[in-house]
file run_17.cif (mmCIF, C-alpha atoms)
data_start
loop_
_atom_site.label_atom_id
_atom_site.label_comp_id
_atom_site.auth_asym_id
_atom_site.auth_seq_id
_atom_site.Cartn_x
_atom_site.Cartn_y
_atom_site.Cartn_z
CA TYR P 1 0.00 0.00 0.00
CA VAL P 2 0.94 3.63 -0.28
CA GLU P 3 -0.25 6.43 2.00
CA VAL P 4 -2.16 9.30 0.41
CA GLY P 5 -4.02 12.28 1.89
CA ARG P 6 -7.13 12.24 4.07
CA ASN P 7 -10.27 10.58 2.68
CA PRO P 8 -9.27 9.67 -0.88
CA GLU P 9 -12.29 10.36 -3.10
CA GLY P 10 -11.27 9.70 -6.70
CA ILE P 11 -8.54 8.12 -8.79
CA ALA P 12 -7.31 8.42 -12.39
CA LYS P 13 -4.36 6.96 -14.26
CA ASP P 14 -2.06 8.27 -16.98
CA ASN P 15 1.45 7.52 -18.26
CA GLY P 16 2.55 5.28 -15.40
CA TYR P 17 1.05 7.41 -12.65
CA LEU P 18 -2.03 7.27 -10.46
CA TYR P 19 -3.69 10.51 -9.37
CA VAL P 20 -5.70 10.43 -6.14
CA VAL P 21 -7.76 13.38 -4.86
CA ASN P 22 -8.05 13.67 -1.10
CA SER P 23 -11.04 15.51 0.37
CA GLY P 24 -10.50 15.00 4.09
CA TRP P 25 -14.26 15.53 4.30
CA GLY P 26 -13.57 19.20 3.71
CA LYS P 27 -10.25 19.30 5.54
CA ASP P 28 -7.89 18.31 2.72
CA SER P 29 -7.11 19.89 -0.61
CA THR P 30 -4.53 17.70 -2.29
CA ILE P 31 -3.92 15.42 -5.21
CA THR P 32 -1.40 12.66 -4.55
CA VAL P 33 0.65 11.51 -7.55
CA ILE P 34 1.77 7.87 -7.29
CA ASP P 35 4.44 6.31 -9.50
CA LYS P 36 2.81 2.99 -10.46
CA LYS P 37 6.07 1.13 -11.07
CA ALA P 38 7.62 2.06 -7.70
CA PHE P 39 4.17 2.28 -6.06
CA ALA P 40 5.35 5.31 -4.14
CA VAL P 41 4.24 8.93 -3.85
CA SER P 42 6.16 11.05 -6.32
CA LYS P 43 4.43 14.37 -5.64
CA THR P 44 1.57 16.06 -3.80
CA VAL P 45 -0.12 19.11 -5.31
CA ILE P 46 -2.50 21.47 -3.51
CA VAL P 47 -5.84 21.97 -5.29
CA ALA P 48 -9.17 23.52 -4.25
CA LYS P 49 -10.53 22.45 -0.88
CA ASN P 50 -12.53 19.21 -0.72
CA PRO P 51 -11.80 17.72 -4.17
CA GLN P 52 -14.19 14.96 -5.21
CA ARG P 53 -13.27 13.78 -8.69
CA VAL P 54 -10.20 13.50 -10.88
CA LEU P 55 -10.16 12.84 -14.64
CA GLU P 56 -7.46 12.37 -17.25
CA SER P 57 -7.99 13.64 -20.78
CA GLU P 58 -5.45 13.99 -23.57
CA GLY P 59 -2.61 13.58 -21.05
CA GLN P 60 -3.96 16.36 -18.82
CA ILE P 61 -5.36 16.04 -15.31
CA PHE P 62 -8.57 17.75 -14.15
CA VAL P 63 -9.97 17.93 -10.62
CA GLN P 64 -13.49 18.86 -9.50
CA GLY P 65 -14.66 19.48 -5.97
CA TYR P 66 -16.57 21.72 -3.60
CA GLY P 67 -13.98 24.44 -3.05
CA ALA P 68 -13.73 26.49 0.14
CA ASP P 69 -16.79 28.57 -0.77
CA TYR P 70 -18.86 25.86 -2.51
CA SER P 71 -18.17 27.36 -5.92
CA TYR P 72 -17.42 23.84 -7.31
CA PRO P 73 -14.24 24.66 -9.26
CA VAL P 74 -13.00 22.48 -12.09
CA GLN P 75 -9.23 22.77 -12.16
CA LYS P 76 -6.57 21.82 -14.68
CA VAL P 77 -3.52 20.51 -12.82
CA ASP P 78 -0.04 20.83 -14.30
CA VAL P 79 1.59 18.21 -12.09
CA ALA P 80 5.14 18.82 -13.34
CA LYS P 81 5.01 22.52 -12.42
CA GLY P 82 2.66 22.10 -9.44
CA MET P 83 0.36 24.70 -11.04
CA VAL P 84 -3.43 24.66 -10.81
CA THR P 85 -5.77 26.71 -13.03
CA THR P 86 -9.53 26.97 -12.56
CA ILE P 87 -11.26 26.56 -15.94
CA ALA P 88 -14.94 26.51 -14.92
CA ASN P 89 -17.35 25.78 -12.12
CA ALA P 90 -19.33 22.53 -12.18
CA THR P 91 -21.15 20.33 -9.72
CA HIS P 92 -20.66 17.30 -11.99
CA LEU P 93 -18.47 16.48 -14.95
CA CYS P 94 -17.47 13.64 -17.23
CA GLU P 95 -15.11 13.26 -20.19
CA HIS P 96 -15.02 11.68 -23.63
CA LYS P 97 -12.31 11.97 -26.28
CA GLY P 98 -10.90 15.31 -25.21
CA ILE P 99 -14.15 17.01 -24.25
CA LEU P 100 -15.17 17.67 -20.63
CA TYR P 101 -18.95 17.81 -20.21
CA MET P 102 -20.04 19.81 -17.18
CA VAL P 103 -23.15 20.91 -15.32
CA TYR P 104 -23.34 23.55 -12.64
CA GLY P 105 -26.46 23.11 -10.51
CA ASP P 106 -27.33 26.15 -8.46
CA THR P 107 -29.83 24.92 -5.85
CA ASP P 108 -31.81 26.93 -3.34
CA TRP P 109 -31.85 24.43 -0.48
CA LYS P 110 -34.83 26.12 1.20
CA THR P 111 -37.10 25.58 -1.80
CA TYR P 112 -35.14 22.76 -3.50
CA LYS P 113 -35.36 24.69 -6.78
CA THR P 114 -32.39 24.20 -9.06
CA ASN P 115 -31.09 26.04 -12.10
CA ASN P 116 -28.70 23.95 -14.23
CA THR P 117 -26.11 25.39 -16.60
CA PHE P 118 -24.49 22.90 -19.00
CA SER P 119 -21.13 23.63 -20.66
CA SER P 120 -18.14 21.87 -22.21
CA TYR P 121 -14.39 22.31 -22.37
CA ASN P 122 -12.17 21.32 -25.29
CA VAL P 123 -8.98 19.93 -23.76
CA SER P 124 -6.94 20.20 -26.99
CA ASN P 125 -7.43 23.93 -27.51
CA GLY P 126 -8.25 24.96 -23.93
CA ARG P 127 -11.55 26.60 -24.87
CA LEU P 128 -14.58 26.71 -22.63
CA ASN P 129 -17.91 26.57 -24.47
CA SER P 130 -20.56 28.06 -22.22
CA SER P 131 -23.33 27.06 -24.63
CA ASN P 132 -25.41 24.06 -23.60
CA PHE P 133 -24.00 20.88 -25.22
CA LEU P 134 -27.43 19.21 -24.93
CA ARG P 135 -29.29 19.98 -28.15
CA ASP P 136 -32.54 18.18 -27.31
CA MET P 137 -32.77 18.80 -23.58
CA PRO P 138 -36.17 18.20 -21.97
CA GLU P 139 -37.40 21.37 -20.28
CA GLU P 140 -37.57 19.75 -16.83
CA LEU P 141 -33.84 18.91 -16.90
CA ALA P 142 -33.05 22.62 -16.62
CA SER P 143 -34.38 22.62 -13.08
CA LYS P 144 -33.98 19.09 -11.69
CA SER P 145 -31.19 18.31 -9.23
CA VAL P 146 -28.47 16.52 -11.20
CA TYR P 147 -27.02 13.79 -9.02
CA MET P 148 -24.63 12.15 -11.49
CA MET P 149 -23.25 12.50 -15.01
CA GLU P 150 -21.26 9.81 -16.86
CA VAL P 151 -20.19 8.96 -20.43
CA ASN P 152 -20.23 5.56 -22.10
CA PRO P 153 -16.57 5.27 -23.24
CA ASN P 154 -17.55 3.03 -26.18
CA ASN P 155 -20.00 5.31 -27.99
CA GLY P 156 -19.95 8.68 -26.18
CA ASP P 157 -23.53 8.50 -24.89
CA ILE P 158 -24.01 10.90 -21.97
CA TYR P 159 -26.07 9.75 -18.98
CA ILE P 160 -27.48 12.30 -16.54
CA GLY P 161 -29.16 11.14 -13.33
CA THR P 162 -31.52 13.37 -11.36
CA SER P 163 -33.02 13.14 -7.90
CA ASP P 164 -35.48 15.09 -5.80
CA TYR P 165 -34.02 13.40 -2.69
CA LYS P 166 -37.47 11.97 -1.82
CA THR P 167 -38.55 9.61 -4.62
CA ASN P 168 -36.94 7.44 -7.30
CA GLY P 169 -34.75 9.38 -9.71
CA ASP P 170 -34.59 9.60 -13.51
CA ILE P 171 -31.81 8.83 -15.97
CA TYR P 172 -31.57 10.81 -19.20
CA ARG P 173 -29.54 9.52 -22.13
CA PHE P 174 -28.11 11.73 -24.87
CA ASP P 175 -25.91 10.70 -27.76
CA ARG P 176 -22.45 12.26 -28.07
CA ASN P 177 -24.01 15.09 -30.13
CA GLY P 178 -26.37 16.02 -27.29
CA LYS P 179 -29.52 14.57 -28.89
#

call {"tool": "encode", "arguments": {"input": "run_17.cif", "output": "structure tokens"}}
result
Amino acid sequence: YVEVGRNPEGIAKDNGYLYVVNSGWGKDSTITVIDKKAFAVSKTVIVAKNPQRVLESEGQIFVQGYGADYSYPVQKVDVAKGMVTTIANATHLCEHKGILYMVYGDTDWKTYKTNNTFSSYNVSNGRLNSSNFLRDMPEELASKSVYMMEVNPNNGDIYIGTSDYKTNGDIYRFDRNGK
């Protein structure tokens, strides 16, 4: 085994390394880089507080979490330089073939009303597209609480799960073109 930070939440792999985000249940803000061959920590990088998810795309590492102020930053991590750049804010994200798909759900927890903003990020050119990537989005998805978002790695289908925290949820499926 190898020791990482407090409460490891997510893991990704790339080029002989494992990347583990450590949330510490809000008390950690690190990504631990593990050399797979030596199975030893090679570096620890500080990211936004309470990271939840780590993804690899096109040889680049991206971290998503709560942040100190619950702004839900998505950060690009340059591990070699130890540099972290916030590229967007998103409560959930997934990746397919160099595109990050993101949703930022702004929820009023007193009324449980949510406003979702969908966006994407092109890893190759570093451009954020703030236009909704879902072309045929049902009207209700704009205001339902998104609980998960994943991509089928074989065909690029995007799955979005919603919940009202009281009853059974719904899963929406879109093809890679957002239809």

call {"tool": "resolve_selection", "arguments": {"input": "run_17.cif", "expression": "the PyMOL selection byres ((chain P and resi 160) around 7)", "output": "PyMOL selection string"}}
result
chain P and resi 146+148-150+158-159+161-162+171-173

call {"tool": "resolve_selection", "arguments": {"input": "run_17.cif", "expression": "the PyMOL selection byres ((chain P and resi 11) around 12)", "output": "MDAnalysis selection string"}}
result
chainID P and resid 4 7:10 12:14 17:22 31:34 51:56 61:64

call {"tool": "atom_distance", "arguments": {"input": "run_17.cif", "atom1": "CA of Thr44 in chain P", "atom2": "CA of Ile99 in chain P"}}
result
25.8 Å

call {"tool": "atom_distance", "arguments": {"input": "run_17.cif", "atom1": "CA of Asn125 in chain P", "atom2": "CA of Ala48 in chain P"}}
result
23.3 Å

call {"tool": "residues_near_point", "arguments": {"input": "run_17.cif", "point": "(-34.4, 17.3, -13.6)", "cutoff": "10 Å", "atoms": "all atoms listed in the file", "output": "PyMOL selection string"}}
result
chain P and resi 114-116+138-147+160-164+169-172

call {"tool": "atom_distance", "arguments": {"input": "run_17.cif", "atom1": "CA of Ser119 in chain P", "atom2": "CA of Cys94 in chain P"}}
result
11.2 Å

call {"tool": "resolve_selection", "arguments": {"input": "run_17.cif", "expression": "the PyMOL selection byres ((chain P and resi 79) around 9)", "output": "CSV table (one decimal) with C-alpha atoms, keeping the file's coordinate frame"}}
result
chain,number,residue,atom,x,y,z
P,33,VAL,CA,0.6,11.5,-7.6
P,43,LYS,CA,4.4,14.4,-5.6
P,44,THR,CA,1.6,16.1,-3.8
P,45,VAL,CA,-0.1,19.1,-5.3
P,60,GLN,CA,-4.0,16.4,-18.8
P,61,ILE,CA,-5.4,16.0,-15.3
P,77,VAL,CA,-3.5,20.5,-12.8
P,78,ASP,CA,0.0,20.8,-14.3
P,80,ALA,CA,5.1,18.8,-13.3
P,81,LYS,CA,5.0,22.5,-12.4
P,82,GLY,CA,2.7,22.1,-9.4
P,83,MET,CA,0.4,24.7,-11.0
P,84,VAL,CA,-3.4,24.7,-10.8

call {"tool": "residues_around", "arguments": {"input": "run_17.cif", "residues": "Val123 in chain P", "least_positions_apart": "2", "cutoff": "12 Å", "atoms": "only C-alpha atoms", "output": "PyMOL selection string"}}
result
chain P and resi 55-62+75-76+87+95-101+120-121+125-129
